[in-house]
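**Q** Structure: coords12.cif, mmCIF, C-alpha atoms.
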```cif
data_entry
loop_
_atom_site.label_atom_id
_atom_site.label_comp_id
_atom_site.auth_asym_id
_atom_site.auth_seq_id
_atom_site.Cartn_x
_atom_site.Cartn_y
_atom_site.Cartn_z
CA MET A 1 85.02 94.38 80.07
CA PHE A 2 88.12 92.26 79.45
CA GLU A 3 88.59 89.10 77.47
CA ALA A 4 91.61 86.87 76.86
CA ARG A 5 91.09 84.29 74.15
CA LEU A 6 93.35 81.55 72.82
CA THR A 7 92.48 81.91 69.11
CA ASP A 8 94.53 79.00 67.85
CA GLY A 9 97.39 76.90 69.09
CA ASN A 10 99.79 79.77 69.61
CA ARG A 11 97.99 83.13 69.63
CA VAL A 12 96.30 84.88 72.57
CA LEU A 13 94.02 87.80 71.71
CA LEU A 14 93.44 90.39 74.43
CA SER A 15 90.57 92.87 74.33
CA GLY A 16 89.03 95.51 76.59
CA ARG A 17 90.40 96.82 79.89
CA LEU A 18 92.89 94.66 81.75
CA ASP A 19 92.88 95.91 85.34
CA ALA A 20 93.69 94.19 88.63
CA SER A 21 90.20 92.72 88.95
CA GLN A 22 90.63 90.96 85.57
CA ALA A 23 94.20 89.72 85.92
CA GLU A 24 93.16 86.24 87.09
CA GLN A 25 91.27 85.76 83.84
CA LEU A 26 94.46 86.47 81.92
CA LYS A 27 96.39 84.11 84.19
CA SER A 28 93.95 81.26 83.56
CA VAL A 29 94.59 81.57 79.81
CA LEU A 30 98.34 82.12 80.00
CA ASP A 31 98.71 79.12 82.33
CA THR A 32 97.56 76.90 79.45
CA VAL A 33 100.39 78.17 77.20
CA LYS A 34 103.27 75.70 77.17
CA GLU A 35 105.23 76.77 74.07
CA SER A 36 106.21 79.97 72.27
CA CYS A 37 103.14 82.08 71.67
CA ILE A 38 102.01 85.40 70.15
CA VAL A 39 100.03 87.79 72.33
CA ASP A 40 97.94 90.19 70.23
CA PHE A 41 97.14 93.54 71.88
CA SER A 42 95.27 95.12 68.97
CA GLU A 43 91.93 95.21 70.83
CA LEU A 44 93.30 96.00 74.28
CA GLN A 45 92.47 99.47 75.58
CA TYR A 46 94.21 99.52 78.95
CA ILE A 47 96.70 97.59 81.07
CA SER A 48 98.10 98.10 84.57
CA SER A 49 100.84 96.46 86.62
CA ALA A 50 98.62 93.47 87.43
CA GLY A 51 98.50 92.45 83.76
CA LEU A 52 102.17 93.27 83.25
CA GLY A 53 103.04 90.99 86.15
CA MET A 54 101.10 88.08 84.63
CA LEU A 55 102.91 88.51 81.32
CA LEU A 56 106.31 88.69 83.01
CA ALA A 57 105.62 85.59 85.13
CA THR A 58 104.60 83.68 82.00
CA GLN A 59 107.70 84.84 80.12
CA LYS A 60 109.92 83.66 82.97
CA ARG A 61 108.16 80.28 83.09
CA LEU A 62 108.36 79.73 79.31
CA SER A 63 112.02 80.75 79.16
CA GLU A 64 112.92 77.81 81.38
CA SER A 65 111.94 75.50 78.52
CA GLY A 66 113.43 77.67 75.78
CA HIS A 67 110.14 79.29 74.76
CA SER A 68 108.89 82.87 74.86
CA LEU A 69 105.98 85.24 74.30
CA LYS A 70 106.04 87.64 71.36
CA LEU A 71 103.88 90.75 71.84
CA VAL A 72 102.28 92.26 68.73
CA ASN A 73 100.00 95.15 67.71
CA LEU A 74 100.42 97.21 70.88
CA PRO A 75 98.41 100.47 70.77
CA PRO A 76 100.73 103.49 71.31
CA ARG A 77 99.78 104.22 74.94
CA ILE A 78 100.13 100.58 75.94
CA ARG A 79 103.46 100.41 74.12
CA ASP A 80 104.58 103.43 76.16
CA ILE A 81 103.71 101.61 79.39
CA PHE A 82 105.74 98.59 78.27
CA LEU A 83 108.73 100.82 77.58
CA VAL A 84 108.41 102.51 81.00
CA ALA A 85 108.30 99.04 82.57
CA GLY A 86 111.42 98.02 80.63
CA PHE A 87 109.57 95.14 78.99
CA ASN A 88 111.31 95.89 75.71
CA PHE A 89 114.38 94.26 77.33
CA VAL A 90 112.59 91.02 78.27
CA PHE A 91 110.01 90.57 75.48
CA LYS A 92 110.14 90.59 71.72
CA ILE A 93 107.74 93.41 70.82
CA GLU A 94 106.58 93.97 67.23
CA MET B 1 85.66 115.62 93.04
CA GLU B 2 85.78 113.23 95.94
CA LYS B 3 84.11 109.91 96.51
CA SER B 4 84.56 106.85 98.69
CA PHE B 5 84.65 103.27 97.46
CA LYS B 6 84.26 99.88 99.07
CA ARG B 7 87.58 98.17 99.81
CA GLU B 8 87.55 95.38 97.22
CA LEU B 9 89.00 94.87 93.76
CA ARG B 10 85.66 94.41 92.04
CA THR B 11 84.90 98.03 92.96
CA LEU B 12 87.41 99.06 90.29
CA GLU B 13 84.60 99.27 87.74
CA LEU B 14 83.03 102.10 89.78
CA VAL B 15 86.44 103.70 90.38
CA PHE B 16 87.03 103.90 86.62
CA GLU B 17 83.57 105.43 86.10
CA PHE B 18 84.48 108.09 88.67
CA VAL B 19 87.79 108.83 86.93
CA ASP B 20 86.11 109.02 83.54
CA GLU B 21 83.52 111.46 84.93
CA PHE B 22 86.37 113.69 86.14
CA VAL B 23 88.13 113.43 82.77
CA THR B 24 84.98 114.37 80.87
CA SER B 25 83.94 117.24 83.15
CA ASN B 26 87.44 118.73 82.92
CA GLY B 27 87.79 118.26 79.17
CA LEU B 28 90.96 116.19 79.56
CA GLY B 29 92.33 114.14 76.70
CA GLU B 30 93.27 110.48 76.61
CA ASP B 31 96.92 111.46 77.04
CA VAL B 32 96.00 112.48 80.60
CA ALA B 33 93.19 109.98 81.15
CA PHE B 34 95.39 106.91 80.62
CA PRO B 35 98.05 107.72 83.26
CA LEU B 36 95.32 109.01 85.59
CA ARG B 37 93.41 105.71 85.44
CA LEU B 38 96.67 103.87 85.97
CA ALA B 39 97.73 105.89 89.03
CA VAL B 40 94.31 105.65 90.68
CA GLU B 41 94.10 101.90 90.05
CA GLU B 42 97.62 101.20 91.31
CA LEU B 43 97.12 103.18 94.52
CA PHE B 44 93.63 101.81 95.13
CA THR B 45 94.73 98.20 94.67
CA ASN B 46 97.73 98.80 96.94
CA PHE B 47 95.35 100.03 99.65
CA VAL B 48 93.06 97.03 99.15
CA ARG B 49 95.97 94.57 99.37
CA HIS B 50 98.16 96.16 102.05
CA ASN B 51 95.62 97.82 104.37
CA SER B 52 93.14 94.98 104.68
CA GLY B 53 92.43 95.86 108.31
CA GLY B 54 91.36 99.41 107.50
CA GLN B 55 87.88 100.89 107.36
CA ASP B 56 85.44 99.65 104.77
CA ARG B 57 85.82 102.71 102.52
CA ILE B 58 88.74 104.21 100.60
CA TYR B 59 88.49 107.89 99.66
CA ILE B 60 89.61 109.16 96.26
CA SER B 61 89.93 112.84 95.43
CA LEU B 62 90.73 114.21 91.96
CA SER B 63 91.32 117.90 91.27
CA ARG B 64 93.08 120.45 89.11
CA VAL B 65 95.17 122.93 91.06
CA ASP B 66 97.27 125.63 89.38
CA GLY B 67 97.68 123.68 86.17
CA ARG B 68 98.42 120.44 87.96
CA LEU B 69 96.47 117.24 88.21
CA VAL B 70 96.21 116.17 91.86
CA VAL B 71 95.30 112.60 92.79
CA LYS B 72 94.76 111.88 96.46
CA LEU B 73 93.76 108.61 98.14
CA LYS B 74 92.99 108.36 101.84
CA ASP B 75 92.70 105.29 103.99
CA PHE B 76 91.56 105.43 107.62
CA ASP B 77 92.42 103.28 110.63
CA VAL B 78 95.31 101.46 108.96
CA GLU B 79 98.70 100.20 110.05
CA ARG B 80 101.68 102.11 108.74
CA PHE B 81 102.41 101.22 105.13
CA ASP B 82 105.02 103.33 103.45
CA GLY B 83 104.96 102.82 99.72
CA MET B 84 108.19 104.78 99.47
CA ASP B 85 109.88 101.68 100.89
CA THR B 86 109.06 99.85 97.69
CA PRO B 87 112.39 98.94 96.06
CA ARG B 88 113.14 100.75 92.82
CA VAL B 89 112.62 98.55 89.78
CA ASN B 90 115.72 98.08 87.66
CA VAL B 91 114.19 97.92 84.20
CA HIS B 92 117.51 96.93 82.65
CA GLU B 93 117.71 93.61 84.47
CA SER B 94 117.68 90.41 82.45
CA LEU B 95 114.60 88.22 82.35
CA GLU B 96 116.18 85.87 84.89
CA GLU B 97 116.91 88.75 87.27
CA ARG B 98 113.58 90.57 86.94
CA LYS B 99 111.15 90.00 89.79
CA VAL B 100 107.39 89.89 89.33
CA GLY B 101 105.72 92.71 91.27
CA GLY B 102 106.57 96.22 92.40
CA LEU B 103 105.79 97.76 89.03
CA GLY B 104 102.77 99.79 90.14
CA VAL B 105 104.70 102.39 92.14
CA HIS B 106 107.40 102.46 89.46
CA LEU B 107 104.78 103.33 86.81
CA ILE B 108 103.31 106.16 88.92
CA ARG B 109 106.76 107.55 89.66
CA SER B 110 107.50 107.51 85.94
CA LEU B 111 104.22 109.00 84.72
CA PHE B 112 103.65 111.59 87.47
CA ASP B 113 105.88 114.42 88.73
CA THR B 114 105.50 113.75 92.44
CA LEU B 115 104.38 110.88 94.68
CA GLU B 116 104.13 111.48 98.42
CA TYR B 117 103.03 109.32 101.32
CA ASP B 118 101.79 110.84 104.57
CA TYR B 119 100.90 108.71 107.59
CA LYS B 120 99.45 110.31 110.70
CA ASP B 121 96.97 109.22 113.39
CA ARG B 122 96.42 105.89 111.63
CA THR B 123 95.41 107.70 108.44
CA LEU B 124 97.38 107.12 105.25
CA CYS B 125 97.21 109.75 102.55
CA VAL B 126 98.98 109.30 99.21
CA THR B 127 99.20 112.20 96.79
CA ALA B 128 100.41 112.12 93.19
CA THR B 129 100.66 115.23 91.03
CA LYS B 130 101.27 115.79 87.37
CA THR B 131 101.68 119.03 85.43
CA LEU B 132 99.04 119.42 82.74
CA LYS B 133 100.42 120.54 79.39
#
```
Please express the file's structure as structure tokens.
**A**
Amino acid sequence: MFEARLTDGNRVLLSGRLDASQAEQLKSVLDTVKESCIVDFSELQYISSAGLGMLLATQKRLSESGHSLKLVNLPPRIRDIFLVAGFNFVFKIE
Amino acid sequence: MEKSFKRELRTLELVFEFVDEFVTSNGLGEDVAFPLRLAVEELFTNFVRHNSGGQDRIYISLSRVDGRLVVKLKDFDVERFDGMDTPRVNVHESLEERKVGGLGVHLIRSLFDTLEYDYKDRTLCVTATKTLK
């Protein structure tokens, strides 16, 4: 079960398991983001390349207008995946 | 353990149940379970996306052999698809240079010790192994 929720104007809360079959759900939420935004991973249990790709595509799109995503509260194993993917070079991770 | 799954992304729910059953029956920890789920998902979704003309079922085998975790996926009656051709991801590229996609194989290569593709008689077999600590 995966859920992506825009909790207020600039915070997206992710929860559950984000696999390839759920990536479109994430895309539909991220596509509504037009300005700098915080993505909260505190309730996310799993992510694969499909979810990583959606985040990277959004970061590239936002950067064209001077905005960006900030990723917060990454559980240790998900943080490890982000480091392996080199996302620490293209996202602000706290 | 071996099982076949219907070639579609929504089958992933059943694929994860299969992986979790293997993890539980082998007493493996989350430190192994996480990369295992990731490798199986990445390979399965690659088969679904790249071998769309193949048979209806994709076969997944999980085993422990001599202290190693062995993940094997087989796909029958498919055109040649060599995942080793996937360009290496340069994780040091800038945001402007980074391309979306290609991360799945990169993650498996990083988290597992070996990743081998074997294509013969229209059957593709991909094997990933990881030493258990």
**Q** I'd like to know which of A:Arg11, A:Lys34, A:Arg77, A:His67 is closest to chain B, using only C-alpha atoms.
**A**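 Of A:Arg11, A:Lys34, A:Arg77, A:His67, the one nearest chain B, counting only C-alpha atoms, is A:Arg77.
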**Q** Quick one: everything within 9 Å of B:Arg64, counting only C-alpha atoms, minus sequence neighbours fewer than 6 positions away in the same chain. Send it as a list in words.
**A**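 Counting only the stated atoms, we get Asn26, Val70, Val71 and Leu132 of chain B.
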**Q** Output the residue selection produced by the PyMOL selection byres ((chain B and resi 19) around 12) on the file above, formatted as an MDAnalysis selection string.
**A** chainID B and resid 1:3 12:18 20:26 28 30 32:41 60:63 71
**Q** Determine the nearest neighbour of A:Val84 from the options A:Leu6, A:Leu52, A:Lys60, A:Ser28, counting only C-alpha atoms.
**A**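 For A:Val84, the nearest of the given residues is A:Leu52.
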**Q** List the spatial neighbours of stretch 97-110 of chain B as JSON, numbers by chain - criterion: any atom at most 8 Å away, all atoms listed in the file, same-chain residues fewer than 5 positions off excluded.
**A** {"A": [48, 49, 53, 56, 57, 81, 84, 85], "B": [35, 38, 39, 42, 43, 83, 86, 87, 88, 89, 90, 91, 115, 128]}
**Q** Go ahead and dump the residues you just picked, C-alpha atoms, as an mmCIF file, in the frame of the given file.
**A**
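Writing done, so here's out-v6.cif:
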```
data_model
loop_
_atom_site.group_PDB
_atom_site.id
_atom_site.type_symbol
_atom_site.label_atom_id
_atom_site.label_comp_id
_atom_site.auth_asym_id
_atom_site.auth_seq_id
_atom_site.Cartn_x
_atom_site.Cartn_y
_atom_site.Cartn_z
ATOM 1 C CA SER A 48 98.100 98.100 84.570
ATOM 2 C CA SER A 49 100.840 96.460 86.620
ATOM 3 C CA GLY A 53 103.040 90.990 86.150
ATOM 4 C CA LEU A 56 106.310 88.690 83.010
ATOM 5 C CA ALA A 57 105.620 85.590 85.130
ATOM 6 C CA ILE A 81 103.710 101.610 79.390
ATOM 7 C CA VAL A 84 108.410 102.510 81.000
ATOM 8 C CA ALA A 85 108.300 99.040 82.570
ATOM 9 C CA PRO B 35 98.050 107.720 83.260
ATOM 10 C CA LEU B 38 96.670 103.870 85.970
ATOM 11 C CA ALA B 39 97.730 105.890 89.030
ATOM 12 C CA GLU B 42 97.620 101.200 91.310
ATOM 13 C CA LEU B 43 97.120 103.180 94.520
ATOM 14 C CA GLY B 83 104.960 102.820 99.720
ATOM 15 C CA THR B 86 109.060 99.850 97.690
ATOM 16 C CA PRO B 87 112.390 98.940 96.060
ATOM 17 C CA ARG B 88 113.140 100.750 92.820
ATOM 18 C CA VAL B 89 112.620 98.550 89.780
ATOM 19 C CA ASN B 90 115.720 98.080 87.660
ATOM 20 C CA VAL B 91 114.190 97.920 84.200
ATOM 21 C CA LEU B 115 104.380 110.880 94.680
ATOM 22 C CA ALA B 128 100.410 112.120 93.190
#
```
**Q** What are the closest atom pairs, with distances in Å to one decimal, for each residue of chain A lying within 12 Å of chain B, using only C-alpha atoms, rows by chain and rising residue number, as a tab-separated table?
**A**
```
residue	atom	partner	partner_atom	distance
A:Met1	CA	B:Glu13	CA	9.1
A:Phe2	CA	B:Glu13	CA	11.4
A:Arg17	CA	B:Glu13	CA	10.1
A:Leu18	CA	B:Leu38	CA	10.8
A:Asp19	CA	B:Glu41	CA	7.7
A:Ala20	CA	B:Leu9	CA	7.0
A:Ser21	CA	B:Leu9	CA	5.4
A:Gln22	CA	B:Arg10	CA	8.9
A:Ala23	CA	B:Leu9	CA	10.7
A:Glu24	CA	B:Leu9	CA	11.7
A:Gln45	CA	B:Phe34	CA	9.4
A:Tyr46	CA	B:Phe34	CA	7.7
A:Ile47	CA	B:Leu38	CA	8.0
A:Ser48	CA	B:Leu38	CA	6.1
A:Ser49	CA	B:Gly104	CA	5.2
A:Ala50	CA	B:Gly104	CA	8.0
A:Gly51	CA	B:Gly101	CA	10.4
A:Leu52	CA	B:Leu103	CA	8.2
A:Gly53	CA	B:Val100	CA	5.5
A:Met54	CA	B:Val100	CA	8.1
A:Leu55	CA	B:Val100	CA	9.3
A:Leu56	CA	B:Val100	CA	6.5
A:Ala57	CA	B:Val100	CA	6.3
A:Thr58	CA	B:Val100	CA	10.0
A:Gln59	CA	B:Leu95	CA	8.0
A:Lys60	CA	B:Leu95	CA	6.6
A:Arg61	CA	B:Glu96	CA	9.9
A:Leu62	CA	B:Leu95	CA	11.0
A:Ser63	CA	B:Leu95	CA	8.5
A:Glu64	CA	B:Glu96	CA	9.4
A:Ser68	CA	B:Leu95	CA	10.8
A:Pro76	CA	B:Asp31	CA	10.5
A:Arg77	CA	B:Phe34	CA	7.7
A:Ile78	CA	B:Phe34	CA	9.2
A:Asp80	CA	B:Leu111	CA	10.2
A:Ile81	CA	B:Leu107	CA	7.7
A:Phe82	CA	B:Leu107	CA	9.8
A:Leu83	CA	B:Val91	CA	9.1
A:Val84	CA	B:Leu107	CA	6.9
A:Ala85	CA	B:Val91	CA	6.2
A:Gly86	CA	B:Val91	CA	4.5
A:Phe87	CA	B:Val91	CA	7.5
A:Asn88	CA	B:Val91	CA	9.2
A:Phe89	CA	B:His92	CA	6.7
A:Val90	CA	B:Leu95	CA	5.3
A:Phe91	CA	B:Leu95	CA	8.6
A:Lys92	CA	B:Leu95	CA	11.8
```
**Q** Go ahead and dump the residues you just picked, C-alpha atoms, as a CSV table (one decimal), keeping the file's coordinate frame.
**A**
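The resulting file, result31.csv, is reproduced below:
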```
chain,number,residue,atom,x,y,z
A,1,MET,CA,85.0,94.4,80.1
A,2,PHE,CA,88.1,92.3,79.4
A,17,ARG,CA,90.4,96.8,79.9
A,18,LEU,CA,92.9,94.7,81.8
A,19,ASP,CA,92.9,95.9,85.3
A,20,ALA,CA,93.7,94.2,88.6
A,21,SER,CA,90.2,92.7,89.0
A,22,GLN,CA,90.6,91.0,85.6
A,23,ALA,CA,94.2,89.7,85.9
A,24,GLU,CA,93.2,86.2,87.1
A,45,GLN,CA,92.5,99.5,75.6
A,46,TYR,CA,94.2,99.5,79.0
A,47,ILE,CA,96.7,97.6,81.1
A,48,SER,CA,98.1,98.1,84.6
A,49,SER,CA,100.8,96.5,86.6
A,50,ALA,CA,98.6,93.5,87.4
A,51,GLY,CA,98.5,92.4,83.8
A,52,LEU,CA,102.2,93.3,83.2
A,53,GLY,CA,103.0,91.0,86.2
A,54,MET,CA,101.1,88.1,84.6
A,55,LEU,CA,102.9,88.5,81.3
A,56,LEU,CA,106.3,88.7,83.0
A,57,ALA,CA,105.6,85.6,85.1
A,58,THR,CA,104.6,83.7,82.0
A,59,GLN,CA,107.7,84.8,80.1
A,60,LYS,CA,109.9,83.7,83.0
A,61,ARG,CA,108.2,80.3,83.1
A,62,LEU,CA,108.4,79.7,79.3
A,63,SER,CA,112.0,80.8,79.2
A,64,GLU,CA,112.9,77.8,81.4
A,68,SER,CA,108.9,82.9,74.9
A,76,PRO,CA,100.7,103.5,71.3
A,77,ARG,CA,99.8,104.2,74.9
A,78,ILE,CA,100.1,100.6,75.9
A,80,ASP,CA,104.6,103.4,76.2
A,81,ILE,CA,103.7,101.6,79.4
A,82,PHE,CA,105.7,98.6,78.3
A,83,LEU,CA,108.7,100.8,77.6
A,84,VAL,CA,108.4,102.5,81.0
A,85,ALA,CA,108.3,99.0,82.6
A,86,GLY,CA,111.4,98.0,80.6
A,87,PHE,CA,109.6,95.1,79.0
A,88,ASN,CA,111.3,95.9,75.7
A,89,PHE,CA,114.4,94.3,77.3
A,90,VAL,CA,112.6,91.0,78.3
A,91,PHE,CA,110.0,90.6,75.5
A,92,LYS,CA,110.1,90.6,71.7
```
**Q** Just the number, please: distance in Å from atom CA of B:Asp121 to atom CA of B:Asp66, one decimal.
**A**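 We find that atom CA of B:Asp121 and atom CA of B:Asp66 lie 29.1 Å from each other.
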